[in-house]
$ cat protein25.cif   # mmCIF, C-alpha atoms
data_target
loop_
_atom_site.label_atom_id
_atom_site.label_comp_id
_atom_site.auth_asym_id
_atom_site.auth_seq_id
_atom_site.Cartn_x
_atom_site.Cartn_y
_atom_site.Cartn_z
CA MET D 1239 0.00 0.00 0.00
CA ASN D 1240 1.22 3.44 -0.83
CA THR D 1241 1.32 5.42 2.48
CA THR D 1242 2.84 8.47 1.04
CA SER D 1243 0.57 11.50 1.42
CA SER D 1244 0.66 14.69 -0.47
CA PRO D 1245 1.64 18.02 1.21
CA ARG D 1246 -1.93 19.28 0.70
CA SER D 1247 -3.45 16.33 2.59
CA ARG D 1248 -0.97 16.73 5.44
CA LEU D 1249 -1.87 20.43 5.75
CA PHE D 1250 -5.58 19.54 5.82
CA ARG D 1251 -5.10 16.98 8.63
CA THR D 1252 -3.08 19.47 10.67
CA LYS D 1253 -5.80 22.14 10.48
CA ALA D 1254 -8.47 19.61 11.40
CA ALA D 1255 -6.51 18.50 14.46
CA LEU D 1256 -6.05 22.07 15.66
CA ALA D 1257 -9.76 22.77 15.20
CA ALA D 1258 -10.66 19.66 17.21
CA VAL D 1259 -8.35 20.67 20.03
CA ALA D 1260 -9.87 24.17 20.13
CA LEU D 1261 -13.40 22.81 20.12
CA GLY D 1262 -12.59 20.28 22.81
CA GLY D 1263 -11.13 23.00 24.97
CA LEU D 1264 -14.39 24.91 24.85
CA CYS D 1265 -16.64 21.91 25.41
CA VAL D 1266 -14.67 19.68 27.74
CA GLY D 1267 -11.78 21.66 29.11
CA ALA D 1268 -11.44 23.68 32.33
CA ALA D 1269 -13.89 26.49 33.09
CA PRO D 1270 -12.91 30.00 31.99
CA GLN D 1271 -10.74 31.84 34.51
CA THR D 1272 -12.50 34.40 36.77
CA THR D 1273 -11.11 37.23 38.86
CA ALA D 1274 -10.63 36.19 42.45
CA PRO D 1275 -12.90 38.07 44.88
CA ASP D 1276 -11.29 40.98 46.67
CA SER D 1277 -11.13 39.97 50.32
CA THR D 1278 -10.72 43.63 51.30
CA VAL D 1279 -14.26 44.54 50.18
CA GLY D 1280 -16.59 44.70 53.22
CA PRO D 1281 -20.39 44.83 53.57
CA LYS D 1282 -22.21 47.44 51.52
CA THR D 1283 -22.60 50.78 53.27
CA TYR D 1284 -25.24 53.48 52.86
CA PRO D 1285 -24.77 57.23 53.35
CA ALA D 1286 -26.70 58.78 56.23
CA TYR D 1287 -26.60 61.66 58.70
CA THR D 1288 -27.24 62.21 62.41
CA ALA D 1289 -30.17 64.24 63.72
CA PRO D 1290 -31.35 65.35 67.19
CA SER D 1291 -33.62 62.93 68.97
CA GLN D 1292 -35.61 66.01 70.03
CA LYS D 1293 -35.66 69.61 68.81
CA ARG D 1294 -37.84 72.30 70.38
CA GLN D 1295 -38.27 75.78 68.94
CA GLN D 1296 -39.81 77.69 71.81
CA ASN D 1297 -41.66 80.99 72.07
CA PHE D 1298 -43.38 82.89 74.85
CA ASP D 1299 -47.12 82.34 75.19
CA VAL D 1300 -47.71 86.10 74.84
CA PRO D 1301 -45.74 88.73 72.91
CA GLY D 1302 -43.50 91.01 74.93
CA VAL D 1303 -40.04 92.48 75.34
CA VAL D 1304 -37.39 90.11 76.69
CA PHE D 1305 -36.30 91.41 80.09
CA GLU D 1306 -33.79 88.66 80.88
CA MET D 1307 -32.18 85.86 78.86
CA ALA D 1308 -31.11 83.34 81.48
CA VAL D 1309 -29.03 81.08 79.20
CA LYS D 1310 -26.63 81.40 76.29
CA GLU D 1311 -26.00 79.31 73.19
CA GLY D 1312 -24.22 76.08 74.02
CA ASP D 1313 -25.58 75.83 77.58
CA VAL D 1314 -26.83 72.46 78.77
CA VAL D 1315 -30.34 72.81 80.18
CA LYS D 1316 -32.80 70.60 82.03
CA THR D 1317 -36.53 70.22 81.60
CA GLY D 1318 -38.31 73.03 83.45
CA GLN D 1319 -35.24 75.27 83.63
CA LEU D 1320 -35.89 79.01 83.13
CA LEU D 1321 -34.61 80.16 79.74
CA ALA D 1322 -35.88 83.74 79.51
CA ARG D 1323 -38.50 86.07 80.93
CA GLN D 1324 -40.31 89.29 80.16
CA ASN D 1325 -40.69 92.13 82.67
CA THR D 1326 -43.18 90.93 85.29
CA ALA D 1327 -42.71 93.68 87.90
CA ALA D 1328 -46.19 95.18 87.42
CA ASP D 1329 -47.80 91.73 87.36
CA GLU D 1330 -46.05 90.70 90.55
CA ALA D 1331 -47.15 93.91 92.29
CA HIS D 1332 -50.73 93.17 91.25
CA LEU D 1333 -50.33 89.63 92.53
CA ARG D 1334 -49.28 90.93 95.95
CA SER D 1335 -52.40 93.12 95.99
CA LEU D 1336 -54.56 90.13 95.16
CA ASN D 1337 -52.92 88.08 97.90
CA LEU D 1338 -53.74 90.82 100.41
CA LEU D 1339 -57.33 90.80 99.18
CA ALA D 1340 -57.47 87.03 99.58
CA ASP D 1341 -56.22 87.39 103.16
CA ALA D 1342 -58.91 90.01 103.81
CA THR D 1343 -61.66 87.74 102.51
CA ALA D 1344 -60.40 84.97 104.75
CA LEU D 1345 -60.80 87.33 107.72
CA GLU D 1346 -64.31 88.25 106.52
CA ILE D 1347 -65.26 84.57 106.49
CA GLU D 1348 -63.95 84.12 110.01
CA ALA D 1349 -65.72 87.25 111.27
CA ALA D 1350 -68.98 86.25 109.61
CA GLY D 1351 -68.74 82.82 111.18
CA LEU D 1352 -68.21 84.26 114.62
CA GLN D 1353 -71.12 86.70 114.18
CA LEU D 1354 -73.35 83.85 113.05
CA GLU D 1355 -72.32 81.80 116.06
CA LYS D 1356 -73.02 84.73 118.43
CA ASP D 1357 -76.41 85.52 116.93
CA THR D 1358 -77.39 81.83 116.92
CA ILE D 1359 -76.69 81.69 120.67
CA ASP D 1360 -78.77 84.85 121.12
CA LEU D 1361 -81.62 83.29 119.13
CA THR D 1362 -81.56 80.18 121.28
CA ARG D 1363 -81.69 82.31 124.40
CA LYS D 1364 -84.62 84.40 123.14
CA GLU D 1365 -86.57 81.32 122.08
CA LYS D 1366 -86.27 80.03 125.63
CA MET D 1367 -87.33 83.37 127.03
CA PHE D 1368 -90.33 83.39 124.72
CA LYS D 1369 -91.39 80.00 126.08
CA ASP D 1370 -91.16 81.50 129.54
CA LYS D 1371 -93.21 84.40 128.22
CA SER D 1372 -90.45 86.81 129.14
CA ILE D 1373 -90.25 88.41 125.63
CA SER D 1374 -92.57 88.94 122.72
CA VAL D 1375 -92.71 86.88 119.56
CA GLY D 1376 -91.44 89.88 117.60
CA GLU D 1377 -88.11 89.79 119.40
CA VAL D 1378 -87.70 86.12 118.56
CA GLU D 1379 -88.49 86.71 114.88
CA GLU D 1380 -86.01 89.56 114.79
CA ALA D 1381 -83.32 87.29 116.21
CA ARG D 1382 -84.14 84.66 113.58
CA VAL D 1383 -83.78 87.19 110.75
CA THR D 1384 -80.45 88.31 112.17
CA VAL D 1385 -79.16 84.73 112.06
CA LYS D 1386 -80.29 84.39 108.42
CA ILE D 1387 -78.50 87.62 107.52
CA ASP D 1388 -75.36 86.37 109.23
CA ALA D 1389 -75.48 83.14 107.21
CA LEU D 1390 -75.83 85.12 103.96
CA LYS D 1391 -72.90 87.34 104.93
CA GLN D 1392 -70.81 84.25 105.58
CA ARG D 1393 -71.74 82.80 102.20
CA SER D 1394 -70.91 86.11 100.48
CA ALA D 1395 -67.53 86.20 102.22
CA LYS D 1396 -66.81 82.67 100.99
CA ASN D 1397 -67.74 83.66 97.44
CA ASN D 1398 -65.44 86.66 97.67
CA ALA D 1399 -62.68 84.38 98.87
CA GLU D 1400 -63.19 82.05 95.90
CA LYS D 1401 -63.07 85.00 93.50
CA ALA D 1402 -59.92 86.32 95.15
CA LYS D 1403 -58.35 82.89 94.82
CA ALA D 1404 -59.32 82.69 91.13
CA ASP D 1405 -57.94 86.18 90.49
CA THR D 1406 -54.72 85.21 92.22
CA GLU D 1407 -54.35 82.04 90.13
CA GLU D 1408 -55.11 84.01 86.96
CA GLU D 1409 -52.39 86.53 87.76
CA LYS D 1410 -49.92 83.75 88.54
CA ALA D 1411 -50.70 82.18 85.18
CA ARG D 1412 -50.22 85.54 83.47
CA ILE D 1413 -46.80 85.86 85.08
CA GLU D 1414 -45.86 82.33 84.01
CA GLN D 1415 -46.85 83.18 80.43
CA LYS D 1416 -44.09 85.77 80.50
CA LYS D 1417 -41.49 83.16 81.43
CA LEU D 1418 -39.97 80.63 79.07
CA TYR D 1419 -39.00 77.21 80.43
CA SER D 1420 -37.18 74.40 78.65
CA LYS D 1421 -39.46 71.61 77.51
CA ILE D 1422 -36.65 69.03 77.25
CA ASP D 1423 -33.19 68.15 78.52
CA GLY D 1424 -30.79 69.39 75.88
CA VAL D 1425 -28.42 72.07 74.62
CA VAL D 1426 -29.26 75.64 73.63
CA SER D 1427 -28.72 75.57 69.87
CA GLU D 1428 -29.87 79.04 68.84
CA ILE D 1429 -31.14 82.29 70.40
CA ASN D 1430 -33.00 84.61 68.03
CA THR D 1431 -34.36 87.16 70.51
CA HIS D 1432 -32.15 88.89 73.06
CA GLU D 1433 -32.68 91.20 76.03
CA GLY D 1434 -34.55 94.35 75.06
CA GLU D 1435 -35.96 92.82 71.86
CA LEU D 1436 -39.58 92.01 71.14
CA ALA D 1437 -40.47 88.34 71.35
CA ASN D 1438 -43.62 87.24 69.59
CA ASN D 1439 -45.30 84.04 68.47
CA ASP D 1440 -43.68 83.93 65.03
CA THR D 1441 -42.98 80.23 64.44
CA GLN D 1442 -40.47 81.14 61.72
CA HIS D 1443 -38.31 82.97 64.24
CA PRO D 1444 -38.51 81.14 67.59
CA THR D 1445 -37.09 82.90 70.61
CA ILE D 1446 -34.84 79.95 71.45
CA THR D 1447 -34.09 76.49 70.06
CA ILE D 1448 -33.17 73.50 72.24
CA VAL D 1449 -31.85 70.23 70.81
CA LYS D 1450 -31.33 66.87 72.46
CA ASN D 1451 -28.40 64.91 70.99
CA ASP D 1452 -28.26 61.97 73.38
CA PRO D 1453 -29.46 59.72 72.02
CA LEU D 1454 -28.92 60.73 68.40
CA TYR D 1455 -31.11 59.69 65.51
CA VAL D 1456 -29.53 58.43 62.29
CA GLU D 1457 -31.55 59.08 59.14
CA VAL D 1458 -30.83 56.71 56.24
CA GLU D 1459 -32.42 55.61 52.98
CA LEU D 1460 -32.16 51.84 52.53
CA PRO D 1461 -33.13 49.69 49.53
CA ALA D 1462 -36.72 48.54 49.82
CA GLU D 1463 -35.64 44.89 49.40
CA LEU D 1464 -33.29 45.18 52.37
CA VAL D 1465 -35.96 46.84 54.52
CA THR D 1466 -38.34 44.00 53.65
CA LYS D 1467 -35.78 41.51 54.96
CA ILE D 1468 -35.28 43.57 58.11
CA LYS D 1469 -39.03 43.60 58.72
CA ALA D 1470 -39.19 39.85 58.11
CA ALA D 1471 -36.53 39.41 60.78
CA GLY D 1472 -38.68 41.23 63.33
CA GLY D 1473 -37.86 44.88 62.66
CA GLN D 1474 -36.43 45.47 66.13
CA GLN D 1475 -32.81 44.76 65.29
CA SER D 1476 -29.70 46.91 65.23
CA LEU D 1477 -27.53 48.16 62.38
CA GLN D 1478 -24.00 49.56 62.50
CA VAL D 1479 -23.04 53.20 62.09
CA GLN D 1480 -19.68 54.82 61.45
CA TYR D 1481 -18.82 58.52 61.32
CA VAL D 1482 -17.26 59.50 58.01
CA ASP D 1483 -14.38 61.18 59.83
CA GLU D 1484 -13.64 57.91 61.68
CA LYS D 1485 -13.27 55.69 58.63
CA GLU D 1486 -9.57 55.13 59.26
CA LYS D 1487 -10.32 53.91 62.78
CA GLY D 1488 -12.99 51.47 61.63
CA ALA D 1489 -15.08 52.55 64.61
CA TRP D 1490 -18.50 51.02 64.03
CA ARG D 1491 -21.24 51.68 66.58
CA GLU D 1492 -24.49 49.89 67.24
CA ALA D 1493 -27.73 51.73 66.49
CA LYS D 1494 -31.13 50.15 66.98
CA ILE D 1495 -33.95 50.63 64.52
CA HIS D 1496 -36.29 53.26 65.95
CA PHE D 1497 -38.72 53.85 63.12
CA ILE D 1498 -39.36 52.81 59.53
CA ARG D 1499 -41.37 55.33 57.56
CA PRO D 1500 -44.53 53.66 56.20
CA GLU D 1501 -44.14 55.36 52.80
CA ALA D 1502 -41.40 54.23 50.41
CA ASP D 1503 -39.86 56.43 47.69
CA PRO D 1504 -41.01 54.93 44.36
CA ARG D 1505 -38.41 56.90 42.38
CA SER D 1506 -35.41 55.38 44.15
CA ASN D 1507 -37.12 52.23 45.48
CA THR D 1508 -35.83 53.04 48.97
CA GLU D 1509 -37.38 53.35 52.40
CA HIS D 1510 -36.50 55.84 55.10
CA VAL D 1511 -35.22 54.22 58.30
CA GLN D 1512 -34.52 56.08 61.52
CA LEU D 1513 -31.97 54.59 63.90
CA GLU D 1514 -31.31 55.50 67.53
CA MET D 1515 -27.70 55.66 68.69
CA ALA D 1516 -26.10 56.52 72.05
CA ASN D 1517 -23.98 59.68 72.10
CA ALA D 1518 -21.92 59.63 75.27
CA GLU D 1519 -19.21 61.67 73.51
CA GLY D 1520 -21.63 64.54 72.98
CA ARG D 1521 -21.08 64.74 69.23
CA SER D 1522 -23.15 67.25 67.26
CA SER D 1523 -26.13 66.27 65.17
CA GLY D 1524 -26.05 66.85 61.42
CA LEU D 1525 -22.83 64.88 60.82
CA GLN D 1526 -22.31 62.49 57.91
CA VAL D 1527 -22.19 58.79 58.75
CA GLU D 1528 -22.38 55.44 57.00
CA VAL D 1529 -24.75 52.59 57.82
CA ARG D 1530 -24.27 48.89 57.17
CA MET D 1531 -25.71 45.56 58.18
CA PRO D 1532 -23.96 44.10 61.23
CA THR D 1533 -21.17 41.56 60.79
CA GLY D 1534 -19.83 38.88 63.07
CA GLY D 1535 -23.05 37.68 64.65
CA ALA D 1536 -24.66 41.00 65.48
CA GLN D 1537 -28.38 41.16 66.07
CA VAL D 1538 -29.20 41.43 62.37
CA GLY D 1539 -26.82 38.84 60.99
CA ALA D 1540 -25.80 37.97 57.47
CA ALA D 1541 -28.48 35.28 57.40
CA ALA D 1542 -31.22 37.89 57.69
CA ALA D 1543 -29.54 40.11 55.12
CA ASN D 1544 -29.08 37.33 52.56
CA ARG D 1545 -32.50 35.68 52.69
#

$ encode --input "protein25.cif" --output "C-alpha cells"
Amino acid sequence: MNTTSSPRSRLFRTKAALAAVALGGLCVGAAPQTTAPDSTVGPKTYPAYTAPSQKRQQNFDVPGVVFEMAVKEGDVVKTGQLLARQNTAADEAHLRSLNLLADATALEIEAAGLQLEKDTIDLTRKEKMFKDKSISVGEVEEARVTVKIDALKQRSAKNNAEKAKADTEEEKARIEQKKLYSKIDGVVSEINTHEGELANNDTQHPTITIVKNDPLYVEVELPAELVTKIKAAGGQQSLQVQYVDEKEKGAWREAKIHFIRPEADPRSNTEHVQLEMANAEGRSSGLQVEVRMPTGGAQVGAAAANR
C-alpha cells in the first residue's frame, strides 16, 4: 500500500486537528478563569446623617419684650429650667395686691362665722325666754332674721374668697406666660431674641431652640428589598453606624432601629429608616455617617440580610 501523502493532505489533517483541540477546549476543558474576589471589600454601606432625637423651637405664650435671657447658646439645660422672661414687675405687684385681698376675705369669712355663732346663741336664748313668756314673739323673729342675715354674709364672704383665689391664680398664670422654660433636657442651639428685643409668636423665628443629641437619631435611605428583609426578621434589630471622619479607625457603633417610615420612595425604590444611637461623647447632630448591616453575629446577621 502506498502510504505516502501529499503536502496538501498533510496540511488539511493538521488544520483539522487544531480545530478539534480548540473545540474540545471549549466543550470539555477547564472552566474559563475568573477574577478572584477581593477579600478587602466589606459589607455594603449606605450614606446617612445624624439628627437630634428632640428639637424644640420655643416661644413665649404672649408677645413682649425680653427682660432677661437666662441662658446662652451652648448651655446644657434641664426640663423646666428658666430660659428667659419678660418684665413681670407690674404683674407681681398686682399679685401681691390680690394676695392681700385674699387674706382680707379669709378674715371676713372668720368674722362672719363668729357673728353667726353669736347671733345663733342669742336666738336660742330668746326662744327660751319666749317660752317662759319673758319676751314677745317679735323679738324672737327679729333674732331669727339676724341669724339668716349672718349666714348670707358668711356665704358672700366665701364667694369673695373664691373670687380672690381665682384672680390670684389668673395673675400667677399671666406671670408664668411671660417666662420661658425648657421643655426638654438638651443644649441651647440658637437664640433669636435677646434682652430688650420684642419676642412674639412667630414660628419662623422662635425665641430659642433646644436640641437633644443623646441619644442621636440616624436618618438613612435603605433599599426597599433590604428593609423587607429587616421587617421579616422582626424589625427590632440593630444596624451599624460609622462617622465619616472615623473611617480610618474602623469605629462602628451599634444603632437600633427606631422607626421605619410607612411610605417608600417609588423613584429610588428606597425606604427611610430612623436609627437610635447613644452619644456619650456629645457629638453634634447633622454629621455624615455610613450605615451597614452588622457583621460577626450582630443582632441582624448575614443570614437575615441574605434571605

$ atom_distance --input "protein25.cif" --atom1 "CA of Gly1488 in chain D" --atom2 "CA of Pro1281 in chain D"
12.8 Å

$ closest_residue --input "protein25.cif" --among "D:Val1456, D:Met1367, D:Leu1525, D:Ala1344" --to "Ala1402 in chain D" --atoms "only C-alpha atoms"
D:Ala1344

$ residues_around --input "protein25.cif" --residues "Lys1386 in chain D" --least-positions-apart "3" --cutoff "12 Å" --atoms "only C-alpha atoms" --output "list in words"
Ala1350, Gly1351, Gln1353, Leu1354, Glu1355, Asp1357, Thr1358, Leu1361, Glu1379, Glu1380, Ala1381, Arg1382, Val1383, Ala1389, Leu1390, Lys1391, Gln1392 and Arg1393 of chain D

$ atom_distance --input "protein25.cif" --atom1 "CA of Thr1283 in chain D" --atom2 "CA of Asp1452 in chain D"
23.7 Å

$ residues_around --input "protein25.cif" --residues "range 1323-1327 of chain D" --least-positions-apart "3" --cutoff "9 Å" --atoms "all atoms listed in the file" --output "PDB file with C-alpha atoms, in the coordinates of the input"
ATOM      1  CA  PHE D1298     -43.380  82.890  74.850  1.00  0.00           C
ATOM      2  CA  GLY D1302     -43.500  91.010  74.930  1.00  0.00           C
ATOM      3  CA  VAL D1303     -40.040  92.480  75.340  1.00  0.00           C
ATOM      4  CA  VAL D1304     -37.390  90.110  76.690  1.00  0.00           C
ATOM      5  CA  PHE D1305     -36.300  91.410  80.090  1.00  0.00           C
ATOM      6  CA  GLU D1306     -33.790  88.660  80.880  1.00  0.00           C
ATOM      7  CA  MET D1307     -32.180  85.860  78.860  1.00  0.00           C
ATOM      8  CA  ALA D1308     -31.110  83.340  81.480  1.00  0.00           C
ATOM      9  CA  LEU D1320     -35.890  79.010  83.130  1.00  0.00           C
ATOM     10  CA  GLU D1330     -46.050  90.700  90.550  1.00  0.00           C
ATOM     11  CA  ALA D1331     -47.150  93.910  92.290  1.00  0.00           C
ATOM     12  CA  HIS D1332     -50.730  93.170  91.250  1.00  0.00           C
ATOM     13  CA  ILE D1413     -46.800  85.860  85.080  1.00  0.00           C
ATOM     14  CA  GLU D1414     -45.860  82.330  84.010  1.00  0.00           C
ATOM     15  CA  GLN D1415     -46.850  83.180  80.430  1.00  0.00           C
ATOM     16  CA  LYS D1416     -44.090  85.770  80.500  1.00  0.00           C
ATOM     17  CA  LYS D1417     -41.490  83.160  81.430  1.00  0.00           C
ATOM     18  CA  LEU D1418     -39.970  80.630  79.070  1.00  0.00           C
ATOM     19  CA  TYR D1419     -39.000  77.210  80.430  1.00  0.00           C
ATOM     20  CA  GLU D1433     -32.680  91.200  76.030  1.00  0.00           C
ATOM     21  CA  ALA D1437     -40.470  88.340  71.350  1.00  0.00           C
TER      22      ALA D1437
END
